[in-house]
>>> print(open('model32.pdb').read())   # PDB, C-alpha atoms
ATOM      1  CA  MET A   1      -1.190   4.470   3.208  1.00  0.00           C
ATOM      2  CA  LYS A   2      -3.220   7.683   3.250  1.00  0.00           C
ATOM      3  CA  THR A   3      -2.871  10.339   5.953  1.00  0.00           C
ATOM      4  CA  SER A   4      -5.699  12.707   6.878  1.00  0.00           C
ATOM      5  CA  GLU A   5      -5.728  15.770   9.106  1.00  0.00           C
ATOM      6  CA  ILE A   6      -8.323  17.560  11.157  1.00  0.00           C
ATOM      7  CA  LYS A   7      -7.300  21.037  12.296  1.00  0.00           C
ATOM      8  CA  PHE A   8      -8.857  23.291  14.913  1.00  0.00           C
ATOM      9  CA  LYS A   9      -8.315  27.040  15.109  1.00  0.00           C
ATOM     10  CA  VAL A  10      -9.362  28.597  18.419  1.00  0.00           C
ATOM     11  CA  THR A  11      -9.484  32.370  18.837  1.00  0.00           C
ATOM     12  CA  VAL A  12      -9.375  33.541  22.456  1.00  0.00           C
ATOM     13  CA  ASP A  13      -9.953  36.846  24.212  1.00  0.00           C
ATOM     14  CA  GLU A  14      -7.614  38.603  26.660  1.00  0.00           C
ATOM     15  CA  ASN A  15      -8.692  36.124  29.385  1.00  0.00           C
ATOM     16  CA  ASN A  16      -7.955  33.098  27.162  1.00  0.00           C
ATOM     17  CA  LEU A  17     -11.663  32.315  26.787  1.00  0.00           C
ATOM     18  CA  PRO A  18     -12.587  30.982  23.337  1.00  0.00           C
ATOM     19  CA  THR A  19     -14.452  33.492  21.180  1.00  0.00           C
ATOM     20  CA  SER A  20     -14.544  31.346  18.046  1.00  0.00           C
ATOM     21  CA  ILE A  21     -13.689  27.808  17.010  1.00  0.00           C
ATOM     22  CA  GLU A  22     -13.102  26.763  13.413  1.00  0.00           C
ATOM     23  CA  TRP A  23     -12.292  23.289  12.195  1.00  0.00           C
ATOM     24  CA  ASP A  24     -11.011  22.058   8.892  1.00  0.00           C
ATOM     25  CA  ALA A  25     -10.869  18.567   7.468  1.00  0.00           C
ATOM     26  CA  PRO A  26      -9.401  18.801   3.965  1.00  0.00           C
ATOM     27  CA  ASP A  27     -11.057  15.501   3.010  1.00  0.00           C
ATOM     28  CA  ALA A  28     -14.435  17.094   3.802  1.00  0.00           C
ATOM     29  CA  GLY A  29     -13.597  20.032   1.571  1.00  0.00           C
ATOM     30  CA  GLU A  30     -14.530  22.979   3.758  1.00  0.00           C
ATOM     31  CA  THR A  31     -13.821  24.916   6.929  1.00  0.00           C
ATOM     32  CA  SER A  32     -16.652  25.120   9.440  1.00  0.00           C
ATOM     33  CA  ARG A  33     -17.353  27.062  12.606  1.00  0.00           C
ATOM     34  CA  CYS A  34     -18.648  25.522  15.806  1.00  0.00           C
ATOM     35  CA  LYS A  35     -19.444  26.697  19.318  1.00  0.00           C
ATOM     36  CA  SER A  36     -18.043  23.700  21.164  1.00  0.00           C
ATOM     37  CA  VAL A  37     -15.685  20.772  20.722  1.00  0.00           C
ATOM     38  CA  MET A  38     -14.929  17.741  22.878  1.00  0.00           C
ATOM     39  CA  ILE A  39     -11.879  15.707  21.953  1.00  0.00           C
ATOM     40  CA  ALA A  40     -10.934  12.497  23.753  1.00  0.00           C
ATOM     41  CA  LEU A  41      -7.593  10.787  23.169  1.00  0.00           C
ATOM     42  CA  TRP A  42      -6.394   7.456  24.528  1.00  0.00           C
ATOM     43  CA  ASP A  43      -2.868   7.659  25.953  1.00  0.00           C
ATOM     44  CA  GLU A  44      -1.718   4.055  25.726  1.00  0.00           C
ATOM     45  CA  LYS A  45       1.496   4.764  27.643  1.00  0.00           C
ATOM     46  CA  GLU A  46      -0.388   6.160  30.654  1.00  0.00           C
ATOM     47  CA  ASN A  47      -3.426   3.912  30.080  1.00  0.00           C
ATOM     48  CA  ASN A  48      -5.595   6.987  30.473  1.00  0.00           C
ATOM     49  CA  THR A  49      -7.981   9.253  28.575  1.00  0.00           C
ATOM     50  CA  LEU A  50      -6.887  12.787  27.757  1.00  0.00           C
ATOM     51  CA  ARG A  51      -9.585  15.375  27.050  1.00  0.00           C
ATOM     52  CA  ILE A  52      -9.849  18.764  25.454  1.00  0.00           C
ATOM     53  CA  ASP A  53     -13.204  20.464  26.056  1.00  0.00           C
ATOM     54  CA  LEU A  54     -13.699  23.937  24.617  1.00  0.00           C
ATOM     55  CA  TRP A  55     -16.729  26.134  24.091  1.00  0.00           C
ATOM     56  CA  THR A  56     -17.160  29.718  23.009  1.00  0.00           C
ATOM     57  CA  LYS A  57     -18.444  32.486  25.242  1.00  0.00           C
ATOM     58  CA  ASP A  58     -21.598  32.777  23.138  1.00  0.00           C
ATOM     59  CA  MET A  59     -22.679  29.145  23.596  1.00  0.00           C
ATOM     60  CA  MET A  60     -25.927  29.211  25.537  1.00  0.00           C
ATOM     61  CA  VAL A  61     -26.549  26.915  28.513  1.00  0.00           C
ATOM     62  CA  ASP A  62     -29.427  25.171  26.703  1.00  0.00           C
ATOM     63  CA  GLU A  63     -27.119  24.493  23.748  1.00  0.00           C
ATOM     64  CA  MET A  64     -24.501  23.056  26.114  1.00  0.00           C
ATOM     65  CA  LYS A  65     -27.092  20.779  27.737  1.00  0.00           C
ATOM     66  CA  LYS A  66     -28.118  19.434  24.336  1.00  0.00           C
ATOM     67  CA  PHE A  67     -24.487  19.087  23.214  1.00  0.00           C
ATOM     68  CA  TYR A  68     -23.584  17.196  26.401  1.00  0.00           C
ATOM     69  CA  HIS A  69     -26.604  14.902  26.135  1.00  0.00           C
ATOM     70  CA  GLN A  70     -26.007  14.109  22.461  1.00  0.00           C
ATOM     71  CA  ASN A  71     -22.331  13.383  23.177  1.00  0.00           C
ATOM     72  CA  ILE A  72     -23.181  10.829  25.845  1.00  0.00           C
ATOM     73  CA  MET A  73     -25.753   9.174  23.586  1.00  0.00           C
ATOM     74  CA  THR A  74     -23.343   8.931  20.643  1.00  0.00           C
ATOM     75  CA  LEU A  75     -20.543   7.719  22.938  1.00  0.00           C
ATOM     76  CA  THR A  76     -22.919   4.952  23.967  1.00  0.00           C
ATOM     77  CA  ASP A  77     -23.370   3.995  20.299  1.00  0.00           C
ATOM     78  CA  THR A  78     -19.584   3.926  19.890  1.00  0.00           C
ATOM     79  CA  TYR A  79     -19.227   1.829  23.043  1.00  0.00           C
ATOM     80  CA  LEU A  80     -21.759  -0.676  21.680  1.00  0.00           C
ATOM     81  CA  ARG A  81     -19.994  -0.940  18.298  1.00  0.00           C
ATOM     82  CA  ALA A  82     -16.600  -1.354  19.982  1.00  0.00           C
ATOM     83  CA  THR A  83     -17.612  -3.877  22.641  1.00  0.00           C
ATOM     84  CA  GLY A  84     -20.877  -5.516  21.580  1.00  0.00           C
ATOM     85  CA  ASP A  85     -22.055  -4.960  25.177  1.00  0.00           C
ATOM     86  CA  THR A  86     -25.755  -4.352  24.532  1.00  0.00           C
ATOM     87  CA  LYS A  87     -26.768  -4.593  28.195  1.00  0.00           C
ATOM     88  CA  THR A  88     -24.543  -1.736  29.349  1.00  0.00           C
ATOM     89  CA  ALA A  89     -25.302   0.392  26.278  1.00  0.00           C
ATOM     90  CA  ASP A  90     -29.038  -0.021  26.845  1.00  0.00           C
ATOM     91  CA  SER A  91     -28.641   0.867  30.536  1.00  0.00           C
ATOM     92  CA  VAL A  92     -26.707   4.038  29.745  1.00  0.00           C
ATOM     93  CA  LYS A  93     -29.254   5.064  27.090  1.00  0.00           C
ATOM     94  CA  THR A  94     -32.138   4.493  29.507  1.00  0.00           C
ATOM     95  CA  ILE A  95     -30.462   6.605  32.185  1.00  0.00           C
ATOM     96  CA  PHE A  96     -29.554   9.383  29.754  1.00  0.00           C
ATOM     97  CA  ASN A  97     -33.018   9.441  28.224  1.00  0.00           C
ATOM     98  CA  GLU A  98     -34.269  10.270  31.721  1.00  0.00           C
ATOM     99  CA  ILE A  99     -31.518  12.831  32.241  1.00  0.00           C
ATOM    100  CA  GLY A 100     -32.412  14.348  28.860  1.00  0.00           C
ATOM    101  CA  LYS A 101     -35.965  14.833  30.110  1.00  0.00           C
ATOM    102  CA  ASP A 102     -34.728  16.270  33.416  1.00  0.00           C
ATOM    103  CA  ILE A 103     -32.503  18.857  31.723  1.00  0.00           C
ATOM    104  CA  GLY A 104     -35.121  19.735  29.130  1.00  0.00           C
ATOM    105  CA  VAL A 105     -33.539  18.432  25.932  1.00  0.00           C
ATOM    106  CA  LEU A 106     -36.051  15.578  25.508  1.00  0.00           C
ATOM    107  CA  LYS A 107     -39.802  15.543  25.965  1.00  0.00           C
TER
END
>>> encode(input="model32.pdb", output="structure tokens")
Amino acid sequence: MKTSEIKFKVTVDENNLPTSIEWDAPDAGETSRCKSVMIALWDEKENNTLRIDLWTKDMMVDEMKKFYHQNIMTLTDTYLRATGDTKTADSVKTIFNEIGKDIGVLK
């Protein structure tokens, strides 16, 4: 069985606010920088989702709006693949298409 790793390196300032985020996936062959990361983990013991949400000080509000919107839309795709529940996935996409327009990330 093969094991893969994904590593994150977060540099913080004196107030513990992220100033840079780097990630490395050796299978991908390179280290990359990003301004934000959202990680969700399922804790089967607690039957609960654990989250790590980080963004750098230089991430602009408009970038965060787009990042948030795209995350919800791709989570909806994942939900559909995992459950086959087209009705709910379509409802979420419809709602978030409207929200995308409201927050200015969609026309």
>>> resolve_selection(input="model32.pdb", expression="the PyMOL selection byres ((chain A and resi 94-103) around 8)", output="ChimeraX atom specification")
/A:65,69,72-73,90-93,104-107
>>> residues_around(input="model32.pdb", residues="Ser36 of chain A", least_positions_apart="5", cutoff="10 Å", atoms="all atoms listed in the file", output="PyMOL selection string")
chain A and resi 18+20-22+53-59+63-64+67
>>> axis_aligned_box(input="model32.pdb", around="segment 22-25 of chain A", padding_each_side="4 Å", output="AutoDock Vina command-line options")
--center_x -12.0 --center_y 22.7 --center_z 10.4 --size_x 10.2 --size_y 16.2 --size_z 13.9
>>> atom_distance(input="model32.pdb", atom1="atom CA of Lys9 of chain A", atom2="atom CA of Ala25 of chain A")
11.7 Å
>>> residues_around(input="model32.pdb", residues="Ile52 of chain A", least_positions_apart="4", cutoff="7 Å", atoms="only C-alpha atoms", output="compact mmCIF listing (two decimals) with C-alpha atoms, in the coordinates of the input")
# COMPACT_ATOMS: atom_id res chain seq x y z
CA MET A 38 -14.93 17.74 22.88
CA ILE A 39 -11.88 15.71 21.95
CA ALA A 40 -10.93 12.50 23.75
>>> closest_residue(input="model32.pdb", among="A:Ala89, A:Leu75, A:Leu50, A:Val37", to="Phe8 of chain A", atoms="all atoms listed in the file")
A:Val37
>>> atom_distance(input="model32.pdb", atom1="atom CA of Val10 of chain A", atom2="atom CA of Cys34 of chain A")
10.1 Å
>>> atom_distance(input="model32.pdb", atom1="atom CA of Asn48 of chain A", atom2="atom CA of Ile6 of chain A")
22.2 Å
>>> closest_residue(input="model32.pdb", among="A:Thr74, A:Thr11, A:Ser4, A:Leu41", to="Pro26 of chain A", atoms="only C-alpha atoms")
A:Ser4
